[in-house]
>>> print(open('data16.csv').read())   # CSV, C-alpha atoms and all ligand atoms
chain,number,residue,atom,x,y,z
A,1402,MET,CA,0.2,27.5,0.0
A,1403,LYS,CA,2.5,24.6,1.1
A,1404,SER,CA,1.2,21.1,1.9
A,1405,MET,CA,1.8,20.4,5.6
A,1406,VAL,CA,3.2,17.0,6.7
A,1407,ALA,CA,3.4,16.2,10.4
A,1408,VAL,CA,6.3,13.9,11.2
A,1409,ILE,CA,5.9,12.6,14.8
A,1410,PRO,CA,8.5,10.5,16.5
A,1411,CYS,CA,7.1,7.3,18.0
A,1412,THR,CA,9.4,4.6,19.3
A,1413,GLY,CA,7.0,1.7,19.8
A,1414,TYR,CA,3.4,0.5,19.8
A,1415,GLU,CA,2.7,1.1,23.5
A,1416,GLU,CA,-0.9,2.4,23.6
A,1417,GLN,CA,-0.2,5.7,25.3
A,1418,GLU,CA,2.8,6.6,23.2
A,1419,VAL,CA,0.9,6.1,20.0
A,1420,TYR,CA,-2.1,8.0,21.3
A,1421,GLU,CA,0.1,10.9,22.2
A,1422,ALA,CA,1.9,10.9,18.9
A,1423,ILE,CA,-1.5,11.1,17.0
A,1424,ASP,CA,-2.5,13.8,19.4
A,1425,LYS,CA,0.5,15.9,18.6
A,1426,GLY,CA,0.2,15.3,14.9
A,1427,ILE,CA,-3.5,16.3,14.7
A,1428,SER,CA,-2.9,19.4,16.8
A,1429,LEU,CA,-0.1,20.5,14.5
A,1430,LEU,CA,-2.4,20.0,11.5
A,1431,GLY,CA,-5.2,22.1,13.0
A,1432,GLY,CA,-7.4,19.5,14.8
A,1433,TRP,CA,-9.9,16.9,13.6
A,1434,LYS,CA,-12.5,19.5,12.7
A,1435,THR,CA,-10.2,20.8,10.0
A,1436,PHE,CA,-10.9,17.5,8.1
A,1437,ILE,CA,-14.2,16.1,9.2
A,1438,LYS,CA,-17.5,17.0,10.8
A,1439,GLU,CA,-19.1,15.3,13.8
A,1440,GLU,CA,-22.2,14.3,11.9
A,1441,GLU,CA,-20.3,12.7,9.1
A,1442,LYS,CA,-19.9,9.0,8.5
A,1443,ILE,CA,-16.2,8.3,8.5
A,1444,LEU,CA,-14.5,5.2,7.1
A,1445,LEU,CA,-11.2,4.2,8.7
A,1446,LYS,CA,-9.2,2.5,6.0
A,1447,PRO,CA,-6.2,0.6,7.4
A,1448,ASN,CA,-3.9,-1.6,5.3
A,1449,LEU,CA,-5.3,-5.2,5.6
A,1450,LEU,CA,-3.3,-6.7,2.8
A,1451,SER,CA,-3.2,-10.2,4.0
A,1452,ARG,CA,-3.7,-12.5,7.0
A,1453,ALA,CA,-0.4,-11.8,8.5
A,1454,ASN,CA,0.6,-11.7,12.1
A,1455,VAL,CA,1.1,-8.2,13.3
A,1456,GLN,CA,4.9,-8.7,14.0
A,1457,ARG,CA,5.5,-9.1,10.2
A,1458,ALA,CA,4.6,-5.4,9.6
A,1459,VAL,CA,2.4,-6.3,6.6
A,1460,THR,CA,-0.6,-4.4,7.9
A,1461,THR,CA,-1.4,-1.3,9.8
A,1462,HIS,CA,-0.6,-1.9,13.4
A,1463,PRO,CA,-3.7,-2.2,15.6
A,1464,ALA,CA,-2.2,0.3,18.1
A,1465,VAL,CA,-2.2,3.0,15.4
A,1466,PHE,CA,-5.8,2.1,14.3
A,1467,GLY,CA,-6.9,2.1,17.9
A,1468,ALA,CA,-5.3,5.4,18.8
A,1469,VAL,CA,-7.0,7.1,15.8
A,1470,ALA,CA,-10.3,5.6,16.7
A,1471,ARG,CA,-10.0,6.5,20.4
A,1472,HIS,CA,-9.2,10.1,19.4
A,1473,LEU,CA,-12.1,10.4,17.1
A,1474,GLN,CA,-14.6,8.9,19.5
A,1475,GLY,CA,-13.2,11.0,22.4
A,1476,ASN,CA,-13.8,14.1,20.2
A,1477,GLY,CA,-17.4,13.3,19.4
A,1478,PHE,CA,-16.9,11.6,15.9
A,1479,LEU,CA,-19.2,8.7,16.6
A,1480,HIS,CA,-20.2,7.6,13.1
A,1481,LEU,CA,-17.2,5.4,12.4
A,1482,SER,CA,-16.8,2.3,10.3
A,1483,TYR,CA,-13.7,0.5,9.1
A,1484,GLY,CA,-12.7,-1.8,6.2
A,1485,ASP,CA,-10.4,-2.7,3.4
A,1486,SER,CA,-10.4,-5.1,0.4
A,1487,PRO,CA,-7.6,-7.5,1.1
A,1488,GLY,CA,-5.5,-9.0,-1.7
A,1489,GLN,CA,-6.5,-12.5,-0.6
A,1490,PRO,CA,-10.0,-13.4,-1.6
A,1491,GLY,CA,-12.5,-14.3,1.1
A,1492,ASN,CA,-13.6,-12.9,4.3
A,1493,VAL,CA,-12.4,-9.3,5.2
A,1494,GLU,CA,-13.4,-9.9,8.9
A,1495,LYS,CA,-11.1,-12.9,9.2
A,1496,THR,CA,-8.2,-10.8,7.8
A,1497,ALA,CA,-9.0,-8.0,10.3
A,1498,GLU,CA,-9.1,-10.6,13.1
A,1499,ILE,CA,-5.7,-12.1,12.3
A,1500,CYS,CA,-4.2,-8.6,11.9
A,1501,GLY,CA,-5.5,-7.6,15.4
A,1502,ILE,CA,-7.7,-4.8,14.2
A,1503,LYS,CA,-11.1,-6.6,14.6
A,1504,GLU,CA,-10.6,-7.0,18.3
A,1505,ILE,CA,-10.1,-3.3,18.8
A,1506,ALA,CA,-12.9,-2.3,16.5
A,1507,ASP,CA,-15.3,-4.7,18.3
A,1508,ARG,CA,-14.3,-3.3,21.6
A,1509,MET,CA,-14.9,0.2,20.4
A,1510,GLN,CA,-18.1,-0.8,18.7
A,1511,ILE,CA,-16.9,0.3,15.3
A,1512,PRO,CA,-18.7,-1.8,12.6
A,1513,LEU,CA,-17.0,-3.4,9.6
A,1514,ALA,CA,-18.1,-1.5,6.4
A,1515,ASP,CA,-19.5,-3.5,3.5
A,1516,PHE,CA,-16.6,-4.6,1.3
A,1517,THR,CA,-18.4,-7.6,-0.1
A,1518,GLN,CA,-19.9,-5.8,-3.1
A,1519,GLY,CA,-18.8,-3.1,-5.5
A,1520,ILE,CA,-20.6,-0.4,-7.4
A,1521,THR,CA,-19.4,1.0,-10.7
A,1522,VAL,CA,-18.6,4.7,-10.4
A,1523,ASP,CA,-17.9,7.0,-13.3
A,1524,PHE,CA,-15.1,9.5,-12.9
A,1525,VAL,CA,-15.2,11.8,-16.0
A,1526,ARG,CA,-12.3,13.9,-14.8
A,1527,GLY,CA,-10.0,10.9,-14.7
A,1528,ARG,CA,-7.0,11.2,-17.0
A,1529,THR,CA,-6.2,7.5,-17.1
A,1530,SER,CA,-9.2,5.8,-15.5
A,1531,ARG,CA,-12.7,7.0,-15.9
A,1532,LYS,CA,-14.5,4.1,-14.2
A,1533,PHE,CA,-13.9,2.4,-10.9
A,1534,GLU,CA,-15.6,-0.5,-9.1
A,1535,ILE,CA,-15.7,0.9,-5.6
A,1536,CYS,CA,-16.7,-1.1,-2.5
A,1537,GLN,CA,-20.1,-0.3,-1.1
A,1538,GLY,CA,-18.8,0.5,2.4
A,1539,VAL,CA,-16.6,3.3,0.9
A,1540,LEU,CA,-19.6,4.8,-0.9
A,1541,ASP,CA,-21.7,4.6,2.2
A,1542,SER,CA,-19.3,6.9,4.0
A,1543,ASP,CA,-19.1,10.7,3.8
A,1544,GLY,CA,-15.3,10.7,4.2
A,1545,ILE,CA,-12.2,8.5,4.5
A,1546,ILE,CA,-9.3,8.5,6.9
A,1547,ASN,CA,-6.6,6.5,5.2
A,1548,ILE,CA,-4.4,4.7,7.8
A,1549,CYS,CA,-1.6,3.3,5.6
A,1550,LYS,CA,1.6,1.4,6.3
A,1551,MET,CA,5.2,2.4,5.4
A,1552,LYS,CA,6.4,-0.5,3.1
A,1553,THR,CA,8.3,-1.4,0.0
A,1554,HIS,CA,6.4,-2.6,-3.1
A,1555,GLN,CA,7.8,-4.5,-6.1
A,1556,LEU,CA,5.8,-2.6,-8.8
A,1557,GLU,CA,5.8,1.0,-7.4
A,1558,ARG,CA,8.8,0.6,-5.1
A,1559,ILE,CA,7.0,2.0,-2.2
A,1560,THR,CA,3.5,1.7,-0.9
A,1561,GLY,CA,2.2,4.5,1.3
A,1562,ALA,CA,-0.8,6.8,1.3
A,1563,VAL,CA,-1.5,6.9,-2.5
A,1564,LYS,CA,-1.3,3.1,-3.0
A,1565,ASN,CA,-3.3,2.2,0.1
A,1566,MET,CA,-6.4,3.7,-1.4
A,1567,PHE,CA,-6.4,0.8,-3.9
A,1568,GLY,CA,-8.0,-1.2,-1.2
A,1569,CYS,CA,-11.2,0.8,-1.8
A,1570,VAL,CA,-11.5,-1.0,-5.2
A,1571,TYR,CA,-13.7,-4.0,-5.1
A,1572,GLY,CA,-12.2,-7.6,-4.9
A,1573,MET,CA,-11.2,-9.1,-8.2
A,1574,ASN,CA,-11.3,-5.8,-10.0
A,1575,LYS,CA,-8.0,-5.1,-8.4
A,1576,GLY,CA,-6.4,-7.8,-10.5
A,1577,ALA,CA,-8.1,-6.6,-13.7
A,1578,SER,CA,-6.6,-3.1,-13.0
A,1579,HIS,CA,-3.1,-4.7,-13.2
A,1580,VAL,CA,-3.9,-6.1,-16.6
A,1581,LYS,CA,-5.3,-2.8,-17.8
A,1582,TYR,CA,-2.4,-0.7,-16.3
A,1583,PRO,CA,0.4,-3.2,-16.6
A,1584,ASP,CA,3.4,-1.0,-15.8
A,1585,ALA,CA,4.4,1.2,-12.8
A,1586,GLU,CA,3.7,4.4,-14.7
A,1587,SER,CA,0.1,3.7,-15.9
A,1588,PHE,CA,-0.7,2.0,-12.6
A,1589,ALA,CA,0.4,5.0,-10.7
A,1590,GLN,CA,-1.7,7.3,-12.9
A,1591,MET,CA,-4.7,5.1,-12.3
A,1592,LEU,CA,-4.0,5.2,-8.5
A,1593,THR,CA,-3.8,9.0,-8.7
A,1594,ASP,CA,-7.1,9.2,-10.4
A,1595,LEU,CA,-8.6,6.9,-7.8
A,1596,ASN,CA,-7.3,9.2,-5.0
A,1597,LEU,CA,-8.8,12.2,-6.9
A,1598,LEU,CA,-12.1,10.5,-7.0
A,1599,LEU,CA,-12.2,9.4,-3.3
A,1600,LYS,CA,-10.5,12.4,-1.8
A,1601,ALA,CA,-9.6,10.9,1.6
A,1602,ARG,CA,-9.7,13.7,4.2
A,1603,LEU,CA,-6.6,12.7,6.0
A,1604,HIS,CA,-3.7,10.3,5.6
A,1605,ILE,CA,-2.0,8.7,8.5
A,1606,MET,CA,1.1,6.5,8.0
A,1607,ASP,CA,2.2,3.9,10.4
A,1608,GLY,CA,6.0,4.1,10.1
A,1609,VAL,CA,6.8,3.0,13.6
A,1610,VAL,CA,7.9,-0.4,12.3
A,1611,ALA,CA,8.1,-0.3,8.5
A,1612,MET,CA,8.8,-3.0,6.0
A,1613,GLU,CA,11.9,-3.0,3.8
A,1614,GLY,CA,13.2,-5.4,1.1
A,1615,ASN,CA,10.7,-7.9,-0.4
A,1616,GLY,CA,7.5,-5.9,0.4
A,1617,PRO,CA,4.7,-5.4,0.5
A,1618,ALA,CA,4.0,-8.8,2.2
A,1619,SER,CA,7.3,-10.7,2.4
A,1620,GLY,CA,9.8,-8.1,3.4
A,1621,THR,CA,11.7,-7.4,6.7
A,1622,PRO,CA,10.4,-5.3,9.5
A,1623,VAL,CA,12.6,-2.3,10.3
A,1624,ASN,CA,12.2,0.4,13.0
A,1625,MET,CA,11.6,3.8,11.5
A,1626,ASN,CA,10.0,5.2,14.6
A,1627,VAL,CA,7.7,7.8,13.0
A,1628,ILE,CA,4.0,8.4,12.3
A,1629,LEU,CA,3.3,10.7,9.4
A,1630,MET,CA,0.1,12.7,8.9
A,1631,SER,CA,-1.1,14.9,6.1
A,1632,ALA,CA,-4.1,15.9,4.0
A,1633,ASP,CA,-1.9,15.6,1.0
A,1634,PRO,CA,-1.1,11.9,0.2
A,1635,VAL,CA,1.6,12.9,-2.3
A,1636,ALA,CA,3.4,15.2,0.1
A,1637,LEU,CA,3.2,12.4,2.7
A,1638,ASP,CA,4.7,9.8,0.4
A,1639,ALA,CA,7.4,12.2,-0.7
A,1640,THR,CA,8.3,12.7,2.9
A,1641,TYR,CA,8.4,8.9,3.4
A,1642,CYS,CA,10.8,8.8,0.4
A,1643,ARG,CA,13.1,11.4,2.0
A,1644,LEU,CA,13.1,9.4,5.2
A,1645,ILE,CA,14.6,6.5,3.3
A,1646,ASP,CA,16.9,8.6,1.1
A,1647,LEU,CA,14.9,7.9,-2.1
A,1648,ASN,CA,14.4,10.5,-4.7
A,1649,PRO,CA,10.6,11.2,-4.7
A,1650,ALA,CA,10.8,12.2,-8.4
A,1651,ASP,CA,11.7,8.6,-9.2
A,1652,ILE,CA,8.5,7.2,-7.7
A,1653,PRO,CA,5.6,7.2,-10.1
A,1654,THR,CA,2.9,7.4,-7.4
A,1655,VAL,CA,4.6,10.6,-6.2
A,1656,TYR,CA,5.7,12.0,-9.5
A,1657,TYR,CA,2.2,12.0,-11.0
A,1658,GLY,CA,0.7,13.9,-8.0
A,1659,PRO,CA,1.2,17.4,-9.3
A,1660,VAL,CA,1.0,16.3,-12.9
A,1661,LEU,CA,-2.6,15.1,-12.3
A,1662,GLY,CA,-3.5,17.6,-9.6
A,1663,LEU,CA,-3.5,15.4,-6.5
A,1664,GLY,CA,-0.7,17.0,-4.4
A,1665,TYR,CA,2.9,18.2,-4.2
A,1666,TRP,CA,6.3,16.5,-3.7
A,1667,LYS,CA,9.0,19.2,-4.1
A,1668,LYS,CA,10.8,20.2,-0.9
A,1669,GLU,CA,9.9,23.8,-1.3
A,1670,GLU,CA,6.2,22.9,-1.6
A,1671,ILE,CA,6.0,21.0,1.7
A,1672,GLU,CA,6.1,22.3,5.3
A,1673,ILE,CA,7.3,19.7,7.7
A,1674,VAL,CA,6.0,20.0,11.3
A,1675,GLY,CA,6.8,18.0,14.4
A,1676,VAL,CA,10.5,17.6,14.0
A,1677,GLU,CA,13.3,20.1,13.5
A,1678,ASN,CA,15.4,18.1,11.0
A,1679,LEU,CA,13.9,15.4,8.9
A,1680,GLU,CA,17.4,14.2,8.2
A,1681,ASP,CA,17.7,13.1,11.9
A,1682,TYR,CA,15.1,10.4,11.2
A,1683,CYS,CA,16.4,9.3,7.8
A,1684,ASN,CA,17.5,5.7,7.3
A,1685,PRO,CA,19.7,5.8,4.1
A,1686,LYS,CA,20.3,2.0,4.4
A,1687,PHE,CA,16.6,1.2,4.1
A,1688,ASP,CA,16.4,-1.6,1.6
A,1689,VAL,CA,14.4,-0.4,-1.4
A,1690,SER,CA,14.9,-0.3,-5.2
A,1691,ARG,CA,16.7,3.0,-6.0
A,1692,GLU,CA,16.5,2.7,-9.8
A,1693,LYS,CA,16.1,6.0,-11.6
A,1694,LYS,CA,12.9,6.9,-13.3
A,1695,TYR,CA,13.5,7.3,-17.0
A,1696,SER,CA,11.1,9.5,-19.1
A,1697,GLY,CA,11.0,11.1,-22.5
A,1698,LYS,CA,13.5,9.7,-24.9
A,1699,TRP,CA,15.0,7.6,-22.1
A,1700,ALA,CA,11.7,5.8,-21.4
A,1701,VAL,CA,12.9,2.8,-23.3
A,1702,LEU,CA,15.6,2.4,-20.6
A,1703,GLY,CA,12.9,2.3,-18.0
A,1704,ARG,CA,11.0,-0.4,-19.9
A,1705,LEU,CA,14.2,-2.5,-20.1
A,1706,THR,CA,14.7,-2.1,-16.4
A,1707,VAL,CA,11.2,-3.4,-15.7
A,1708,LYS,CA,11.8,-6.4,-18.1
A,1709,GLY,CA,15.1,-7.0,-16.4
A,1710,ARG,CA,13.4,-8.1,-13.2
A,1711,LYS,CA,11.3,-11.1,-12.6
A,1712,PRO,CA,9.6,-13.0,-9.8
A,1713,VAL,CA,11.3,-16.3,-8.8
A,1714,ILE,CA,10.1,-19.0,-6.4
A,1715,LEU,CA,12.3,-20.3,-3.7
A,1716,ARG,CA,11.8,-24.1,-3.8
A,1717,ASN,CA,12.8,-24.7,-0.2
A,1718,LYS,CA,10.1,-22.3,1.0
A,1719,CYS,CA,7.3,-23.1,-1.4
A,1720,ILE,CA,4.5,-25.3,0.0
A,1721,ARG,CA,2.8,-25.8,-3.4
A,1722,CYS,CA,-0.4,-24.1,-2.2
A,1723,GLY,CA,-1.2,-22.4,-5.6
A,1724,ALA,CA,-2.1,-19.0,-4.1
A,1725,CYS,CA,0.4,-17.4,-6.5
A,1726,ILE,CA,-1.4,-19.0,-9.5
A,1727,ALA,CA,-4.8,-17.8,-8.2
A,1728,ALA,CA,-3.4,-14.3,-7.7
A,1729,CYS,CA,-2.1,-14.0,-11.3
A,1730,PRO,CA,-4.6,-11.6,-13.0
A,1731,LEU,CA,-3.9,-12.8,-16.5
A,1732,ALA,CA,-6.8,-14.9,-18.0
A,1733,ASP,CA,-4.3,-17.4,-19.3
A,1734,LYS,CA,-2.0,-17.3,-16.2
A,1735,ALA,CA,1.7,-16.6,-16.4
A,1736,LEU,CA,2.5,-19.4,-13.9
A,1737,HIS,CA,1.2,-22.8,-13.4
A,1738,PHE,CA,1.8,-26.2,-11.8
A,1739,PRO,CA,3.9,-28.2,-14.2
A,1740,GLU,CA,2.9,-31.7,-15.4
A,1741,ILE,CA,3.3,-33.9,-12.4
A,1742,ARG,CA,6.3,-36.2,-12.8
A,1743,GLU,CA,5.7,-39.9,-12.6
A,1744,LYS,CA,7.5,-40.3,-9.3
A,1745,ALA,CA,6.0,-37.3,-7.7
A,1746,SER,CA,2.6,-38.3,-9.0
A,1747,ALA,CA,2.8,-41.6,-7.2
A,1748,THR,CA,3.5,-39.9,-3.9
A,1749,GLY,CA,0.8,-37.2,-4.5
A,1750,GLU,CA,3.6,-34.6,-4.4
A,1751,LYS,CA,3.2,-31.4,-6.4
A,1752,GLU,CA,5.9,-29.6,-8.2
A,1753,VAL,CA,6.7,-25.9,-7.6
A,1754,PRO,CA,4.8,-23.6,-10.0
A,1755,VAL,CA,6.7,-22.5,-13.1
A,1756,TYR,CA,6.6,-19.1,-14.7
A,1757,ASP,CA,6.1,-18.2,-18.4
A,1758,TYR,CA,8.1,-15.0,-18.4
A,1759,LYS,CA,7.0,-14.2,-21.9
A,1760,LYS,CA,3.5,-13.8,-20.7
A,1761,CYS,CA,4.3,-12.3,-17.3
A,1762,ILE,CA,3.5,-8.5,-17.1
A,1763,ARG,CA,5.6,-8.1,-13.8
A,1764,CYS,CA,2.7,-7.0,-11.7
A,1765,TYR,CA,4.0,-9.1,-8.8
A,1766,CYS,CA,0.5,-10.0,-7.5
A,1767,CYS,CA,1.9,-13.5,-7.1
A,1768,GLN,CA,4.7,-12.3,-4.9
A,1769,GLU,CA,2.3,-10.2,-2.8
A,1770,MET,CA,-0.1,-13.1,-2.2
A,1771,CYS,CA,2.4,-15.9,-1.4
A,1772,PRO,CA,1.7,-16.8,2.2
A,1773,GLU,CA,5.2,-18.3,2.7
A,1774,GLN,CA,7.3,-15.4,1.5
A,1775,ALA,CA,8.6,-17.9,-1.1
A,1776,ILE,CA,8.7,-15.4,-4.1
A,1777,ILE,CA,11.5,-12.9,-4.5
A,1778,VAL,CA,12.1,-10.5,-7.3
A,1779,LYS,CA,15.5,-10.9,-9.1
A,1780,ARG,CA,17.4,-9.0,-11.7
A,1781,MET,CA,18.0,-11.3,-14.6
A,1782,TRP,CA,21.6,-10.2,-15.1
A,1783,ARG,CA,22.5,-11.3,-11.6
A,1784,GLN,CA,21.7,-14.9,-12.2
A,1801,LIG,S1,2.0,-19.1,-3.2
A,1801,LIG,FE1,4.1,-19.3,-2.5
A,1801,LIG,S2,4.0,-21.2,-1.3
A,1801,LIG,FE2,2.2,-21.2,-2.6
A,1801,LIG,S3,2.7,-22.3,-4.5
A,1801,LIG,FE3,3.1,-20.1,-4.9
A,1801,LIG,S4,5.2,-19.8,-4.3
A,1801,LIG,FE4,4.6,-21.7,-3.4
A,1802,LIG,S1,3.1,-14.4,-12.9
A,1802,LIG,FE1,3.1,-13.0,-11.2
A,1802,LIG,S2,4.1,-11.1,-11.9
A,1802,LIG,FE2,3.6,-12.3,-13.7
A,1802,LIG,S3,1.7,-11.6,-14.4
A,1802,LIG,FE3,1.2,-13.3,-13.1
A,1802,LIG,S4,1.0,-12.4,-11.0
A,1802,LIG,FE4,1.9,-10.8,-12.3
>>> encode(input="data16.csv", output="structure tokens")
Amino acid sequence: MKSMVAVIPCTGYEEQEVYEAIDKGISLLGGWKTFIKEEEKILLKPNLLSRANVQRAVTTHPAVFGAVARHLQGNGFLHLSYGDSPGQPGNVEKTAEICGIKEIADRMQIPLADFTQGITVDFVRGRTSRKFEICQGVLDSDGIINICKMKTHQLERITGAVKNMFGCVYGMNKGASHVKYPDAESFAQMLTDLNLLLKARLHIMDGVVAMEGNGPASGTPVNMNVILMSADPVALDATYCRLIDLNPADIPTVYYGPVLGLGYWKKEEIEIVGVENLEDYCNPKFDVSREKKYSGKWAVLGRLTVKGRKPVILRNKCIRCGACIAACPLADKALHFPEIREKASATGEKEVPVYDYKKCIRCYCCQEMCPEQAIIVKRMWRQ
């Protein structure tokens, strides 16, 4: 049987248009009851990566979150909660407020789930990871609806349905995962295991305004005008790849889907519903890394490609806040504030943080967490 992916055109975030798009998508997939039961406690899991204004396209748009919630309540699914574990430490509620989701959730009386503590969960079936620290609010629910955002990502190249589930991992354990799984391949395998453990019932991608370039937090918003929906996160992400003219087989979070038993990415294994021709919605100019995935005896080339990139701070944008240093998951940090120069010291001025590229594992947590979009990723041979 093929994995079904609904691709629904949606040209903006006007409330009724988004509501109708979700309505069409869920009808094509068989209705809400195909995925959840009325008596179940359902967690809505948007992308709440950071405290970014909604126009920056960092987080799931509140209109998409609101439309899904409105549909569910209207169809008698009343035991809803919502939450995410943002990259920035601190209050989840504050992040949800700045992203515009809290206001809608409050209005609809949907409580924030408990993302302030984590519980260790064994996953004996895991091929890469057999233990996860999962947020209490996730474990309190019977099922998850994953409402992700269409964005680029410096480590995995795209972040979509599979990657968005990482926000179910508790707080600082996310950084530890980067140290334990330091490259795109092992990190993707861990994410696949996580998805197999949590088994979200449905994945809904906000691709109305996506993020290209320096994602997932510092990129450029771009209109893609679609909402994608599927029970198969791999098929959904593979469809996202095809919409930006990217080979799904080159993306680790997609590639490992069938290898580890999460889902399917090949064209012949996916049934697209909602549009006649996917190509009509394709944006081949979408700014994303199109490097090939090297495996087997060519894997060494892949490692060189990774080492050939590095995070760089733009001095004119940096406000010397230190969020990048705090985000670095390495115990002995791969970037730090340099010794304060005599002159700067006298004025209380701080220098821009400096990298130790020998230590740096290229996880790009620093780039993700910079509030000023001051960190870019460069290829070394271009300098
Ligand atoms: S997080 Fe960004 S703005 Fe803050 S010190 Fe680092 S590079 Fe500069
Ligand atoms: S410096 Fe940045 S990219 Fe390097 S290990 Fe630290 S957070 Fe990751």
>>> residues_around(input="data16.csv", residues="Glu1440 (chain A)", least_positions_apart="6", cutoff="10 Å", atoms="all atoms listed in the file", output="list in words")
Gly1477, Phe1478, Leu1479, His1480 and Asp1543 of chain A
>>> write_last_selection(input="data16.csv", atoms="C-alpha atoms", output="PDB file, keeping the file's coordinate frame")
ATOM      1  CA  GLY A1477     -17.400  13.300  19.400  1.00  0.00           C
ATOM      2  CA  PHE A1478     -16.900  11.600  15.900  1.00  0.00           C
ATOM      3  CA  LEU A1479     -19.200   8.700  16.600  1.00  0.00           C
ATOM      4  CA  HIS A1480     -20.200   7.600  13.100  1.00  0.00           C
ATOM      5  CA  ASP A1543     -19.100  10.700   3.800  1.00  0.00           C
TER       6      ASP A1543
END
>>> closest_residue(input="data16.csv", among="A:Arg1526, A:Lys1734, A:His1554, A:Lys1751", to="ligand LIG 1802 (chain A)", atoms="only C-alpha atoms and all ligand atoms")
A:Lys1734
>>> residues_near_ligand(input="data16.csv", ligand="ligand LIG 1801 (chain A)", cutoff="7 Å", atoms="only C-alpha atoms and all ligand atoms", output="ChimeraX atom specification")
/A:1714,1718-1726,1753-1754,1767,1770-1776
>>> write_last_selection(input="data16.csv", atoms="C-alpha atoms", output="PDB file, in the frame of the given file")
ATOM      1  CA  ILE A1714      10.100 -19.000  -6.400  1.00  0.00           C
ATOM      2  CA  LYS A1718      10.100 -22.300   1.000  1.00  0.00           C
ATOM      3  CA  CYS A1719       7.300 -23.100  -1.400  1.00  0.00           C
ATOM      4  CA  ILE A1720       4.500 -25.300   0.000  1.00  0.00           C
ATOM      5  CA  ARG A1721       2.800 -25.800  -3.400  1.00  0.00           C
ATOM      6  CA  CYS A1722      -0.400 -24.100  -2.200  1.00  0.00           C
ATOM      7  CA  GLY A1723      -1.200 -22.400  -5.600  1.00  0.00           C
ATOM      8  CA  ALA A1724      -2.100 -19.000  -4.100  1.00  0.00           C
ATOM      9  CA  CYS A1725       0.400 -17.400  -6.500  1.00  0.00           C
ATOM     10  CA  ILE A1726      -1.400 -19.000  -9.500  1.00  0.00           C
ATOM     11  CA  VAL A1753       6.700 -25.900  -7.600  1.00  0.00           C
ATOM     12  CA  PRO A1754       4.800 -23.600 -10.000  1.00  0.00           C
ATOM     13  CA  CYS A1767       1.900 -13.500  -7.100  1.00  0.00           C
ATOM     14  CA  MET A1770      -0.100 -13.100  -2.200  1.00  0.00           C
ATOM     15  CA  CYS A1771       2.400 -15.900  -1.400  1.00  0.00           C
ATOM     16  CA  PRO A1772       1.700 -16.800   2.200  1.00  0.00           C
ATOM     17  CA  GLU A1773       5.200 -18.300   2.700  1.00  0.00           C
ATOM     18  CA  GLN A1774       7.300 -15.400   1.500  1.00  0.00           C
ATOM     19  CA  ALA A1775       8.600 -17.900  -1.100  1.00  0.00           C
ATOM     20  CA  ILE A1776       8.700 -15.400  -4.100  1.00  0.00           C
TER      21      ILE A1776
END
>>> residues_near_ligand(input="data16.csv", ligand="ligand LIG 1802 (chain A)", cutoff="7 Å", atoms="all atoms listed in the file", output="mmCIF file with C-alpha atoms, in the coordinates of the input")
data_model
loop_
_atom_site.group_PDB
_atom_site.id
_atom_site.type_symbol
_atom_site.label_atom_id
_atom_site.label_comp_id
_atom_site.auth_asym_id
_atom_site.auth_seq_id
_atom_site.Cartn_x
_atom_site.Cartn_y
_atom_site.Cartn_z
ATOM 1 C CA PRO A 1712 9.600 -13.000 -9.800
ATOM 2 C CA CYS A 1725 0.400 -17.400 -6.500
ATOM 3 C CA ALA A 1728 -3.400 -14.300 -7.700
ATOM 4 C CA CYS A 1729 -2.100 -14.000 -11.300
ATOM 5 C CA PRO A 1730 -4.600 -11.600 -13.000
ATOM 6 C CA LEU A 1731 -3.900 -12.800 -16.500
ATOM 7 C CA LYS A 1734 -2.000 -17.300 -16.200
ATOM 8 C CA ALA A 1735 1.700 -16.600 -16.400
ATOM 9 C CA LEU A 1736 2.500 -19.400 -13.900
ATOM 10 C CA TYR A 1756 6.600 -19.100 -14.700
ATOM 11 C CA LYS A 1760 3.500 -13.800 -20.700
ATOM 12 C CA CYS A 1761 4.300 -12.300 -17.300
ATOM 13 C CA ILE A 1762 3.500 -8.500 -17.100
ATOM 14 C CA ARG A 1763 5.600 -8.100 -13.800
ATOM 15 C CA CYS A 1764 2.700 -7.000 -11.700
ATOM 16 C CA TYR A 1765 4.000 -9.100 -8.800
ATOM 17 C CA CYS A 1766 0.500 -10.000 -7.500
ATOM 18 C CA CYS A 1767 1.900 -13.500 -7.100
ATOM 19 C CA GLN A 1768 4.700 -12.300 -4.900
#
>>> residues_around(input="data16.csv", residues="Gly1608 (chain A)", least_positions_apart="6", cutoff="7 Å", atoms="only C-alpha atoms", output="MDAnalysis selection string")
chainID A and resid 1550:1551 1625:1628
>>> write_last_selection(input="data16.csv", atoms="C-alpha atoms", output="PDB file, in the frame of the given file")
ATOM      1  CA  LYS A1550       1.600   1.400   6.300  1.00  0.00           C
ATOM      2  CA  MET A1551       5.200   2.400   5.400  1.00  0.00           C
ATOM      3  CA  MET A1625      11.600   3.800  11.500  1.00  0.00           C
ATOM      4  CA  ASN A1626      10.000   5.200  14.600  1.00  0.00           C
ATOM      5  CA  VAL A1627       7.700   7.800  13.000  1.00  0.00           C
ATOM      6  CA  ILE A1628       4.000   8.400  12.300  1.00  0.00           C
TER       7      ILE A1628
END
>>> closest_atom_pairs(input="data16.csv", of="region 1474-1593 of chain A", to="region 1654-1663 of chain A", cutoff="7 Å", atoms="only C-alpha atoms", output="JSON lines")
{"residue": "A:Val1563", "atom": "CA", "partner": "A:Thr1654", "partner_atom": "CA", "distance": 6.6}
{"residue": "A:Ala1589", "atom": "CA", "partner": "A:Thr1654", "partner_atom": "CA", "distance": 4.8}
{"residue": "A:Gln1590", "atom": "CA", "partner": "A:Tyr1657", "partner_atom": "CA", "distance": 6.4}
{"residue": "A:Thr1593", "atom": "CA", "partner": "A:Gly1658", "partner_atom": "CA", "distance": 6.7}
